[in-house]
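Each remark here refers to the structure printed beneath this line.
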Number of protein chains: 2
Amino acid sequence: MWFGIIMAGGSGTRFWPLSRELYPKQFLSLDGGSSLLQGTIDRVVPLIPQERLWIMVGPKHEAETRRVLRLAEREGLPARVFVEPNSRNTLAPLAVAAARLVRSDPDAVLAVMASDHLIAPQEKFLALLKQACTIAEKQEVILTFGVLPTRPETGFGYIEMGEVVQEESNGLSSVFQVKSFVEKPDRERAERYVAGKRHLWNSGMLAFRAHVFLEELRLHQPEFHKALETYSEAIQTEREDRALAELYAKAPSTSVDYGLLEKSCRVWTISADLDWKDVGSWSALDDISEKDDGGNIIRGNVVSLHNQNCILYGDKRILATIGLKDLVIVDTDDATLVCHKDEAQKVREVVTELKSRNCVEAQEHRTTHRPWGHYTILDQGPNYKIKNVTVNPRSRLSYQMHLHRSEHWVVIAGTARITLEGQDIFLHVNQSIDIPKTTRHRIENPGKVPLVIIEVQNGEYLEEDDIIRFSDDYQRQTEETRTGPSAGEKT
Amino acid sequence: MWFGIIMAGGSGTRFWPLSRELYPKQFLSLDGGSSLLQGTIDRVVPLIPQERLWIMVGPKHEAETRRVLRLAEREGLPARVFVEPNSRNTLAPLAVAAARLVRSDPDAVLAVMASDHLIAPQEKFLALLKQACTIAEKQEVILTFGVLPTRPETGFGYIEMGEVVQEESNGLSSVFQVKSFVEKPDRERAERYVAGKRHLWNSGMLAFRAHVFLEELRLHQPEFHKALETYSEAIQTEREDRALAELYAKAPSTSVDYGLLEKSCRVWTISADLDWKDVGSWSALDDISEKDDGGNIIRGNVVSLHNQNCILYGDKRILATIGLKDLVIVDTDDATLVCHKDEAQKVREVVTELKSRNCVEAQEHRTTHRPWGHYTILDQGPNYKIKNVTVNPRSRLSYQMHLHRSEHWVVIAGTARITLEGQDIFLHVNQSIDIPKTTRHRIENPGKVPLVIIEVQNGEYLEEDDIIRFSDDYQRQTEETRTGPSAGEKT
């Protein structure tokens, strides 16, 4: 069977402040439509049904990934979210996916794609994917997708084509052996590559049979392969989580390109005539968005006077701009970026600087999503914090208690069922309730419209990890399941 | 006696978004110290005591002006805030001040100055002011302050010097007859003026005896002078307010320069060797602020990477800037300006655009000051509004009622005395109370530290003018004094 492996790592630095460490690029909509991750899933499901998609994520991105899947409300079994213990580049997660899938299906074909690329047109993509999976099914090779270059791009790696394996025919694309992988070239070399017609952009997409991948891994990464076999024995046993953590502790933090493909002689490339975009920085939005007469890309609450070739992303506040040229401006609730387009790569430096200052703005947005809804911090200061808490219809928070804070709730939309020390109370718009410290409580939205509550917290310690859970609809750690201290728990 | 007349009009457009219509330039601190208005008062009081200062303001700026005076906490009688019925440029308020002062002191000397200029050094300024007032006392002239130009500035008007009246001597400055007033010149003419040494910058400062001013007004503005005499008869009677309104309805909306000085032949100028700055736009801050190695002026929460010659004013949120040149960026709670320095004059266009969109951001900041303290709107949406309300020690709001909203208060700092339908209740940190619609209520801070309350408003109409006052410490309209509908009333 064919499986789709969607790589959804990402550090959230390149599109800061719209992206954050906990909210990287795949969760953004860069073209005004759905998120890149959602777009990736939508693109592949006509060929590979959702229940055979594996989304490989780090632990920080699990919740948001599940939220994207819930929002899509697709019928049938959901995609599988595979949570890596930590970030180990691309070789390790692909090895794990191959090791797992080969157990249930010795002939499993894996189609690997990034979660944050833009690809069009859909029909051509599906035809290529089908062709690639068909080849992978029959041939003992790892197939890369080499995109026909349309400009001397210096931001991508290239694939040098070797012998032709299969000529273009009947709507099928030509396939070549891979002669070499080339790192990001300088401008002059990139121009030669485009002119010479022997090089393709390395898109990062792959197709291979699991057992071929594992064979090559045995040859070229024997130590890691051995550790992988130890993990494989633990799959679907109670030891699995621990075995995975041990594997990741040993796994090389390397890319599949560097760690395997460049070493293997069983790599082919399919020549993909696609409109493929790995939008790598704010300035690259120029290629994908509509512009006004001045060449500006404008979204949100913006006053734009006499600007040229700017990217202006407003938010709630007014962003007033006058006489600007070639700038990127991105406004969010808690941070604003103003950057020359030529320096857009240096947004990483800002994120590094913010981390060194311990600024939460590097990691999170002011609005935080939870399985039951979301909350936004409106204001905070010594001993108080104010949140707008929105609970989805028919959802509820955990039954919980805080040691260090009292809470005061005012309902401003919807109807709440409050449980306070075992007693149920209904609260309507305009009604309020006090929740003293160390009392057990729960908020539930039993209704059909969102419940919105303004929460004023008071206390000497107001972090999210002051929470003791007694029961939870979302299987988060409770008093029952608690085995030791755990940092960074959430409401 | 000598009186200081401080002109505190201003439309608040040039320094938007830090200035607003209700918060113009004189309330800002441009050099990081106290406000320009406060600086003006501080500068003059060694020569003219506070109780002989008249601050001429429009009705929109009365409250903020009084707040500045309160903040200064100077001993002795306070300065007088004279509220003009509406804005009529500079001739009308000076005529009114002269008409009023001449009644109590026929020899009154008026020293006129702007509220929003930067002037140094203090000693030189006081010597000049003293010299000017002394001359005005003895001579039947209107004395202007002509600042020695240091560069061919095209943003100021110039005064052409005539015959010398008094040579420089014994630390006294030279004084000239005025040959002519010159409008803002072009660059070439400005250069000739500076080289020719016969022109001075027209600073707008004046010194004259009230009766001289009125005499000249009779000559050159006979109709207005007649109306002024009618008003004069009503001074210190119960008809005064009405008479002032009638006068302003007839008053020409013209500057004292154009309406009087240019027509008069009794105008002298004192040559002022001062460091005088009428900071006219964001880009002019370059002249008054310290810079980093890249020539940037940086304040507040800013990350600055590889910028040159920028003015970067951060606020609470992070302002991240990369690779910028010659820009002005000003971040505030509810609006951000990003503007090329060469286009700083066009900030007015933004304000015009915002007004045409009915955006409150043209008029007000998100934090509003009141005689009893201040409030900040944290969030608002359909049927709710959330405020952080801070009440100064030993202050209280009016005893009031709302027809369309209920209020929920949580104390987060200090102690409150709440009056609810005649009953007094003390609320401490962490305590809350509900105020239903149409109940009479008052918040008081009886304590010695600021009281901070989070207010959640609920209702179908949440504007400030849904208020019925029963009594008020600050003489704002109450049920007792109400004579008709009044728009735009405030808490």
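Starting from 1 in every chain, residues are counted up; chains themselves are A, B, ... following the order of the structure tokens, and ligands are numbered from 1 as listed.
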Which chain A residues are at most 6 Å from chain B (counting only C-alpha atoms), as a ChimeraX atom specification? /A:317-324,334-340,430,458
Based on the backbone DSSP call, show me all residues of range 26-146 of chain B assigned helix (DSSP H, G or I), as a PyMOL selection string. chain B and resi 26-27+36-44+50-52+59-72+91-104+122-138
What's the 10 Å shell around Arg20 in chain A, counting only C-alpha atoms, without same-chain residues fewer than 4 positions away, as a PyMOL selection string? chain A and resi 10-16+24-25+27+351+360-365
Name the closest residue to Tyr258 in chain A among the candidates A:Phe181, A:Trp201, A:Tyr313, A:Trp282; distances are taken between atoms, counting only C-alpha atoms.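 Under the stated criterion, the closest residue is A:Phe181.
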Do a neighbour search on Asp275 in chain B at 10 Å with only C-alpha atoms, toss out local chain neighbours closer than 6 positions, and write the hits as a list in words.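 What passes the distance filter is Leu118, Ile119, Ala120, Pro121, Gln122, Lys124, Phe125, Val147, Leu148, Pro149 and Thr150 of chain B.
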Write out as a PDB file with N, CA and C atoms, in the first residue's frame all residues of range 336-412 of chain A that backbone DSSP assigns to strand (DSSP E).
ATOM      1  N   THR A 336       6.012  43.479  16.353  1.00  0.00           N
ATOM      2  CA  THR A 336       5.979  44.027  14.996  1.00  0.00           C
ATOM      3  C   THR A 336       7.366  43.872  14.385  1.00  0.00           C
ATOM      4  N   LEU A 337       7.411  43.414  13.136  1.00  0.00           N
ATOM      5  CA  LEU A 337       8.671  43.319  12.397  1.00  0.00           C
ATOM      6  C   LEU A 337       8.684  44.372  11.300  1.00  0.00           C
ATOM      7  N   VAL A 338       9.772  45.121  11.221  1.00  0.00           N
ATOM      8  CA  VAL A 338       9.992  46.021  10.083  1.00  0.00           C
ATOM      9  C   VAL A 338      11.376  45.684   9.552  1.00  0.00           C
ATOM     10  N   CYS A 339      11.459  45.291   8.287  1.00  0.00           N
ATOM     11  CA  CYS A 339      12.679  44.664   7.785  1.00  0.00           C
ATOM     12  C   CYS A 339      12.841  44.979   6.302  1.00  0.00           C
ATOM     13  N   HIS A 340      14.056  45.278   5.889  1.00  0.00           N
ATOM     14  CA  HIS A 340      14.290  45.429   4.452  1.00  0.00           C
ATOM     15  C   HIS A 340      14.214  44.051   3.801  1.00  0.00           C
ATOM     16  N   THR A 367      -2.368  34.476  21.660  1.00  0.00           N
ATOM     17  CA  THR A 367      -3.489  33.543  21.698  1.00  0.00           C
ATOM     18  C   THR A 367      -2.959  32.118  21.656  1.00  0.00           C
ATOM     19  N   THR A 368      -3.414  31.289  22.595  1.00  0.00           N
ATOM     20  CA  THR A 368      -2.956  29.918  22.701  1.00  0.00           C
ATOM     21  C   THR A 368      -4.134  28.983  22.452  1.00  0.00           C
ATOM     22  N   HIS A 369      -3.932  27.992  21.587  1.00  0.00           N
ATOM     23  CA  HIS A 369      -5.002  27.051  21.274  1.00  0.00           C
ATOM     24  C   HIS A 369      -4.902  25.826  22.165  1.00  0.00           C
ATOM     25  N   ARG A 370      -6.049  25.320  22.523  1.00  0.00           N
ATOM     26  CA  ARG A 370      -6.162  24.138  23.360  1.00  0.00           C
ATOM     27  C   ARG A 370      -7.190  23.209  22.711  1.00  0.00           C
ATOM     28  N   GLY A 373     -10.631  24.790  22.933  1.00  0.00           N
ATOM     29  CA  GLY A 373     -10.883  26.146  22.433  1.00  0.00           C
ATOM     30  C   GLY A 373      -9.591  26.941  22.444  1.00  0.00           C
ATOM     31  N   HIS A 374      -9.660  28.180  22.884  1.00  0.00           N
ATOM     32  CA  HIS A 374      -8.427  28.964  22.940  1.00  0.00           C
ATOM     33  C   HIS A 374      -8.556  30.090  23.955  1.00  0.00           C
ATOM     34  N   TYR A 375      -7.400  30.658  24.339  1.00  0.00           N
ATOM     35  CA  TYR A 375      -7.447  31.829  25.198  1.00  0.00           C
ATOM     36  C   TYR A 375      -6.432  32.860  24.732  1.00  0.00           C
ATOM     37  N   THR A 376      -6.740  34.125  25.049  1.00  0.00           N
ATOM     38  CA  THR A 376      -5.839  35.220  24.711  1.00  0.00           C
ATOM     39  C   THR A 376      -5.548  35.998  25.982  1.00  0.00           C
ATOM     40  N   ILE A 377      -4.265  36.285  26.220  1.00  0.00           N
ATOM     41  CA  ILE A 377      -3.924  37.102  27.382  1.00  0.00           C
ATOM     42  C   ILE A 377      -4.160  38.570  27.018  1.00  0.00           C
ATOM     43  N   LEU A 378      -5.058  39.223  27.728  1.00  0.00           N
ATOM     44  CA  LEU A 378      -5.392  40.615  27.430  1.00  0.00           C
ATOM     45  C   LEU A 378      -4.473  41.582  28.162  1.00  0.00           C
ATOM     46  N   ASP A 379      -4.078  41.207  29.354  1.00  0.00           N
ATOM     47  CA  ASP A 379      -3.265  42.109  30.154  1.00  0.00           C
ATOM     48  C   ASP A 379      -2.668  41.287  31.285  1.00  0.00           C
ATOM     49  N   GLN A 380      -1.484  41.691  31.738  1.00  0.00           N
ATOM     50  CA  GLN A 380      -0.933  41.049  32.921  1.00  0.00           C
ATOM     51  C   GLN A 380      -0.018  42.018  33.640  1.00  0.00           C
ATOM     52  N   GLY A 381       0.117  41.797  34.916  1.00  0.00           N
ATOM     53  CA  GLY A 381       0.956  42.670  35.719  1.00  0.00           C
ATOM     54  C   GLY A 381       1.224  41.963  37.019  1.00  0.00           C
ATOM     55  N   TYR A 384      -1.640  39.793  38.774  1.00  0.00           N
ATOM     56  CA  TYR A 384      -2.886  39.575  38.032  1.00  0.00           C
ATOM     57  C   TYR A 384      -2.625  39.246  36.579  1.00  0.00           C
ATOM     58  N   LYS A 385      -3.582  38.557  35.985  1.00  0.00           N
ATOM     59  CA  LYS A 385      -3.541  38.235  34.563  1.00  0.00           C
ATOM     60  C   LYS A 385      -4.988  38.191  34.085  1.00  0.00           C
ATOM     61  N   ILE A 386      -5.243  38.751  32.911  1.00  0.00           N
ATOM     62  CA  ILE A 386      -6.609  38.765  32.385  1.00  0.00           C
ATOM     63  C   ILE A 386      -6.626  38.032  31.058  1.00  0.00           C
ATOM     64  N   LYS A 387      -7.563  37.084  30.941  1.00  0.00           N
ATOM     65  CA  LYS A 387      -7.665  36.287  29.723  1.00  0.00           C
ATOM     66  C   LYS A 387      -9.071  36.354  29.141  1.00  0.00           C
ATOM     67  N   ASN A 388      -9.134  36.310  27.830  1.00  0.00           N
ATOM     68  CA  ASN A 388     -10.374  36.036  27.123  1.00  0.00           C
ATOM     69  C   ASN A 388     -10.334  34.546  26.805  1.00  0.00           C
ATOM     70  N   VAL A 389     -11.247  33.770  27.402  1.00  0.00           N
ATOM     71  CA  VAL A 389     -11.261  32.312  27.244  1.00  0.00           C
ATOM     72  C   VAL A 389     -12.455  31.919  26.387  1.00  0.00           C
ATOM     73  N   THR A 390     -12.203  31.257  25.266  1.00  0.00           N
ATOM     74  CA  THR A 390     -13.294  30.808  24.387  1.00  0.00           C
ATOM     75  C   THR A 390     -13.354  29.281  24.391  1.00  0.00           C
ATOM     76  N   VAL A 391     -14.517  28.740  24.774  1.00  0.00           N
ATOM     77  CA  VAL A 391     -14.696  27.291  24.844  1.00  0.00           C
ATOM     78  C   VAL A 391     -15.613  26.870  23.694  1.00  0.00           C
ATOM     79  N   SER A 395     -17.683  21.339  24.545  1.00  0.00           N
ATOM     80  CA  SER A 395     -16.320  21.038  25.014  1.00  0.00           C
ATOM     81  C   SER A 395     -16.183  21.520  26.442  1.00  0.00           C
ATOM     82  N   ARG A 396     -15.199  20.957  27.141  1.00  0.00           N
ATOM     83  CA  ARG A 396     -14.965  21.431  28.500  1.00  0.00           C
ATOM     84  C   ARG A 396     -13.495  21.311  28.857  1.00  0.00           C
ATOM     85  N   TYR A 399     -11.202  19.128  34.916  1.00  0.00           N
ATOM     86  CA  TYR A 399     -11.649  19.417  36.288  1.00  0.00           C
ATOM     87  C   TYR A 399     -10.360  19.654  37.072  1.00  0.00           C
ATOM     88  N   GLN A 400     -10.184  20.835  37.612  1.00  0.00           N
ATOM     89  CA  GLN A 400      -8.853  21.251  38.044  1.00  0.00           C
ATOM     90  C   GLN A 400      -8.875  22.133  39.282  1.00  0.00           C
ATOM     91  N   MET A 401      -7.685  22.468  39.746  1.00  0.00           N
ATOM     92  CA  MET A 401      -7.532  23.281  40.950  1.00  0.00           C
ATOM     93  C   MET A 401      -6.204  24.031  40.854  1.00  0.00           C
ATOM     94  N   ARG A 405      -3.636  30.755  42.796  1.00  0.00           N
ATOM     95  CA  ARG A 405      -4.441  31.851  42.255  1.00  0.00           C
ATOM     96  C   ARG A 405      -5.926  31.593  42.432  1.00  0.00           C
ATOM     97  N   SER A 406      -6.653  32.699  42.613  1.00  0.00           N
ATOM     98  CA  SER A 406      -8.104  32.650  42.514  1.00  0.00           C
ATOM     99  C   SER A 406      -8.461  33.134  41.113  1.00  0.00           C
ATOM    100  N   GLU A 407      -9.674  32.795  40.680  1.00  0.00           N
ATOM    101  CA  GLU A 407     -10.121  33.211  39.355  1.00  0.00           C
ATOM    102  C   GLU A 407     -11.523  33.807  39.459  1.00  0.00           C
ATOM    103  N   HIS A 408     -11.767  34.825  38.622  1.00  0.00           N
ATOM    104  CA  HIS A 408     -13.093  35.458  38.587  1.00  0.00           C
ATOM    105  C   HIS A 408     -13.547  35.412  37.143  1.00  0.00           C
ATOM    106  N   TRP A 409     -14.732  34.865  36.922  1.00  0.00           N
ATOM    107  CA  TRP A 409     -15.196  34.696  35.560  1.00  0.00           C
ATOM    108  C   TRP A 409     -16.439  35.524  35.301  1.00  0.00           C
ATOM    109  N   VAL A 410     -16.465  36.195  34.164  1.00  0.00           N
ATOM    110  CA  VAL A 410     -17.673  36.884  33.703  1.00  0.00           C
ATOM    111  C   VAL A 410     -17.987  36.334  32.317  1.00  0.00           C
ATOM    112  N   VAL A 411     -19.210  35.854  32.136  1.00  0.00           N
ATOM    113  CA  VAL A 411     -19.607  35.324  30.830  1.00  0.00           C
ATOM    114  C   VAL A 411     -19.997  36.491  29.933  1.00  0.00           C
ATOM    115  N   ILE A 412     -19.392  36.561  28.741  1.00  0.00           N
ATOM    116  CA  ILE A 412     -19.780  37.632  27.822  1.00  0.00           C
ATOM    117  C   ILE A 412     -20.432  37.108  26.550  1.00  0.00           C
TER     118      ILE A 412
END
What lies within 9 Å of range 77-81 of chain A using only C-alpha atoms, ignoring chain neighbours under 4 positions off, as a PyMOL selection string? chain A and resi 49-57+62+65-66+69-70
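From CA of Glu183 in chain A back to CA of Gly157 in chain A, the distance works out to 4.7 Å.
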When you count only C-alpha atoms, which of these residues is closest to Ala227 in chain B: B:Ile298, B:Ala272, B:Leu129, B:Ala99?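 Checking each of B:Ile298, B:Ala272, B:Leu129, B:Ala99 against Ala227 in chain B, counting only C-alpha atoms, the winner is B:Ala99.
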With only C-alpha atoms as the counted atoms, please give the residues lying no more than 12 Å from Glu240 in chain A, apart from itself and same-chain residues fewer than 3 positions off, as JSON, numbers by chain. {"A": [85, 96, 100, 228, 230, 231, 232, 233, 234, 235, 236, 237, 243, 244, 245, 246, 247]}
Could you dump the residues just selected with N, CA and C atoms as a short mmCIF file (atom, residue, chain, number, x, y, z; two decimals), in the first residue's frame?
data_model
loop_
_atom_site.label_atom_id
_atom_site.label_comp_id
_atom_site.auth_asym_id
_atom_site.auth_seq_id
_atom_site.Cartn_x
_atom_site.Cartn_y
_atom_site.Cartn_z
N PRO A 85 10.16 12.28 19.76
CA PRO A 85 10.54 12.72 21.11
C PRO A 85 11.25 14.06 21.09
N VAL A 96 12.17 5.74 11.17
CA VAL A 96 11.15 5.24 12.10
C VAL A 96 9.86 4.90 11.34
N ARG A 100 8.28 1.17 11.06
CA ARG A 100 6.94 0.85 11.55
C ARG A 100 6.08 0.28 10.43
N LEU A 228 17.92 1.06 15.28
CA LEU A 228 16.56 1.03 14.74
C LEU A 228 15.94 -0.36 14.88
N THR A 230 16.61 -2.52 17.22
CA THR A 230 16.23 -2.67 18.63
C THR A 230 14.88 -2.01 18.89
N TYR A 231 14.74 -0.79 18.35
CA TYR A 231 13.44 -0.10 18.48
C TYR A 231 12.34 -0.91 17.83
N SER A 232 12.60 -1.46 16.62
CA SER A 232 11.57 -2.19 15.88
C SER A 232 10.98 -3.31 16.71
N GLU A 233 11.82 -3.96 17.52
CA GLU A 233 11.32 -5.08 18.34
C GLU A 233 10.33 -4.60 19.39
N ALA A 234 10.43 -3.32 19.73
CA ALA A 234 9.55 -2.79 20.79
C ALA A 234 8.26 -2.21 20.23
N ILE A 235 8.16 -2.14 18.89
CA ILE A 235 6.97 -1.51 18.30
C ILE A 235 5.71 -2.25 18.73
N GLN A 236 4.70 -1.47 19.09
CA GLN A 236 3.41 -1.99 19.55
C GLN A 236 3.51 -2.85 20.81
N THR A 237 4.56 -2.59 21.59
CA THR A 237 4.61 -3.14 22.94
C THR A 237 4.58 -1.96 23.89
N ALA A 243 11.62 2.94 23.99
CA ALA A 243 12.54 2.52 22.93
C ALA A 243 12.74 3.64 21.91
N LEU A 244 11.64 4.35 21.64
CA LEU A 244 11.73 5.46 20.67
C LEU A 244 12.64 6.56 21.23
N ALA A 245 12.45 6.86 22.52
CA ALA A 245 13.28 7.89 23.14
C ALA A 245 14.75 7.49 23.10
N GLU A 246 15.00 6.19 23.36
CA GLU A 246 16.39 5.71 23.32
C GLU A 246 16.97 5.79 21.91
N LEU A 247 16.14 5.44 20.93
CA LEU A 247 16.59 5.52 19.54
C LEU A 247 16.96 6.95 19.16
#
If you measure from CA of Gln423 in chain A to CA of Ile443 in chain A, what distance in Å do you get, rounded to one decimal?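 Interatomic distance, CA of Gln423 in chain A to CA of Ile443 in chain A: 12.0 Å.
With only C-alpha atoms as the atoms that count, the residue of B:Tyr23, B:Tyr461, B:Trp2, B:Phe156 with the shortest distance to Val279 in chain B is B:Phe156.
A straight line drawn from CA of Lys437 in chain A to CA of His402 in chain A is 5.8 Å long.
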Tell me, as a PDB file with N, CA and C atoms, in the first residue's frame, which residues lie within 7 Å of Thr415 in chain B, counting only C-alpha atoms; anything in the same chain fewer than 5 positions away does not count.
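The resulting selection-v3.pdb:
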ATOM      1  N   LEU B 427     -13.879  46.707  49.270  1.00  0.00           N
ATOM      2  CA  LEU B 427     -13.397  45.575  48.470  1.00  0.00           C
ATOM      3  C   LEU B 427     -11.872  45.583  48.501  1.00  0.00           C
ATOM      4  N   HIS B 428     -11.293  44.387  48.724  1.00  0.00           N
ATOM      5  CA  HIS B 428      -9.844  44.253  48.767  1.00  0.00           C
ATOM      6  C   HIS B 428      -9.372  43.493  47.542  1.00  0.00           C
ATOM      7  N   VAL B 429      -8.054  43.412  47.400  1.00  0.00           N
ATOM      8  CA  VAL B 429      -7.494  42.648  46.290  1.00  0.00           C
ATOM      9  C   VAL B 429      -8.137  41.275  46.276  1.00  0.00           C
ATOM     10  N   ASN B 445     -11.248  55.490  46.050  1.00  0.00           N
ATOM     11  CA  ASN B 445      -9.993  54.978  46.603  1.00  0.00           C
ATOM     12  C   ASN B 445      -9.705  55.766  47.873  1.00  0.00           C
ATOM     13  N   GLY B 447      -7.569  55.040  50.065  1.00  0.00           N
ATOM     14  CA  GLY B 447      -6.248  54.655  50.579  1.00  0.00           C
ATOM     15  C   GLY B 447      -5.114  55.549  50.134  1.00  0.00           C
ATOM     16  N   LEU B 451      -5.566  52.464  43.433  1.00  0.00           N
ATOM     17  CA  LEU B 451      -6.537  51.371  43.375  1.00  0.00           C
ATOM     18  C   LEU B 451      -6.661  50.946  41.912  1.00  0.00           C
TER      19      LEU B 451
END
So, with only C-alpha atoms as the atoms that count, which of B:Ile468, B:Leu274, B:Ala251, B:Leu28 lies closest to Ser87 in chain B? B:Ala251
Residue with smallest distance to Arg88 in chain B - pool B:Ile5, B:Pro252, B:Pro222, B:Ala127, counting only C-alpha atoms: B:Pro252
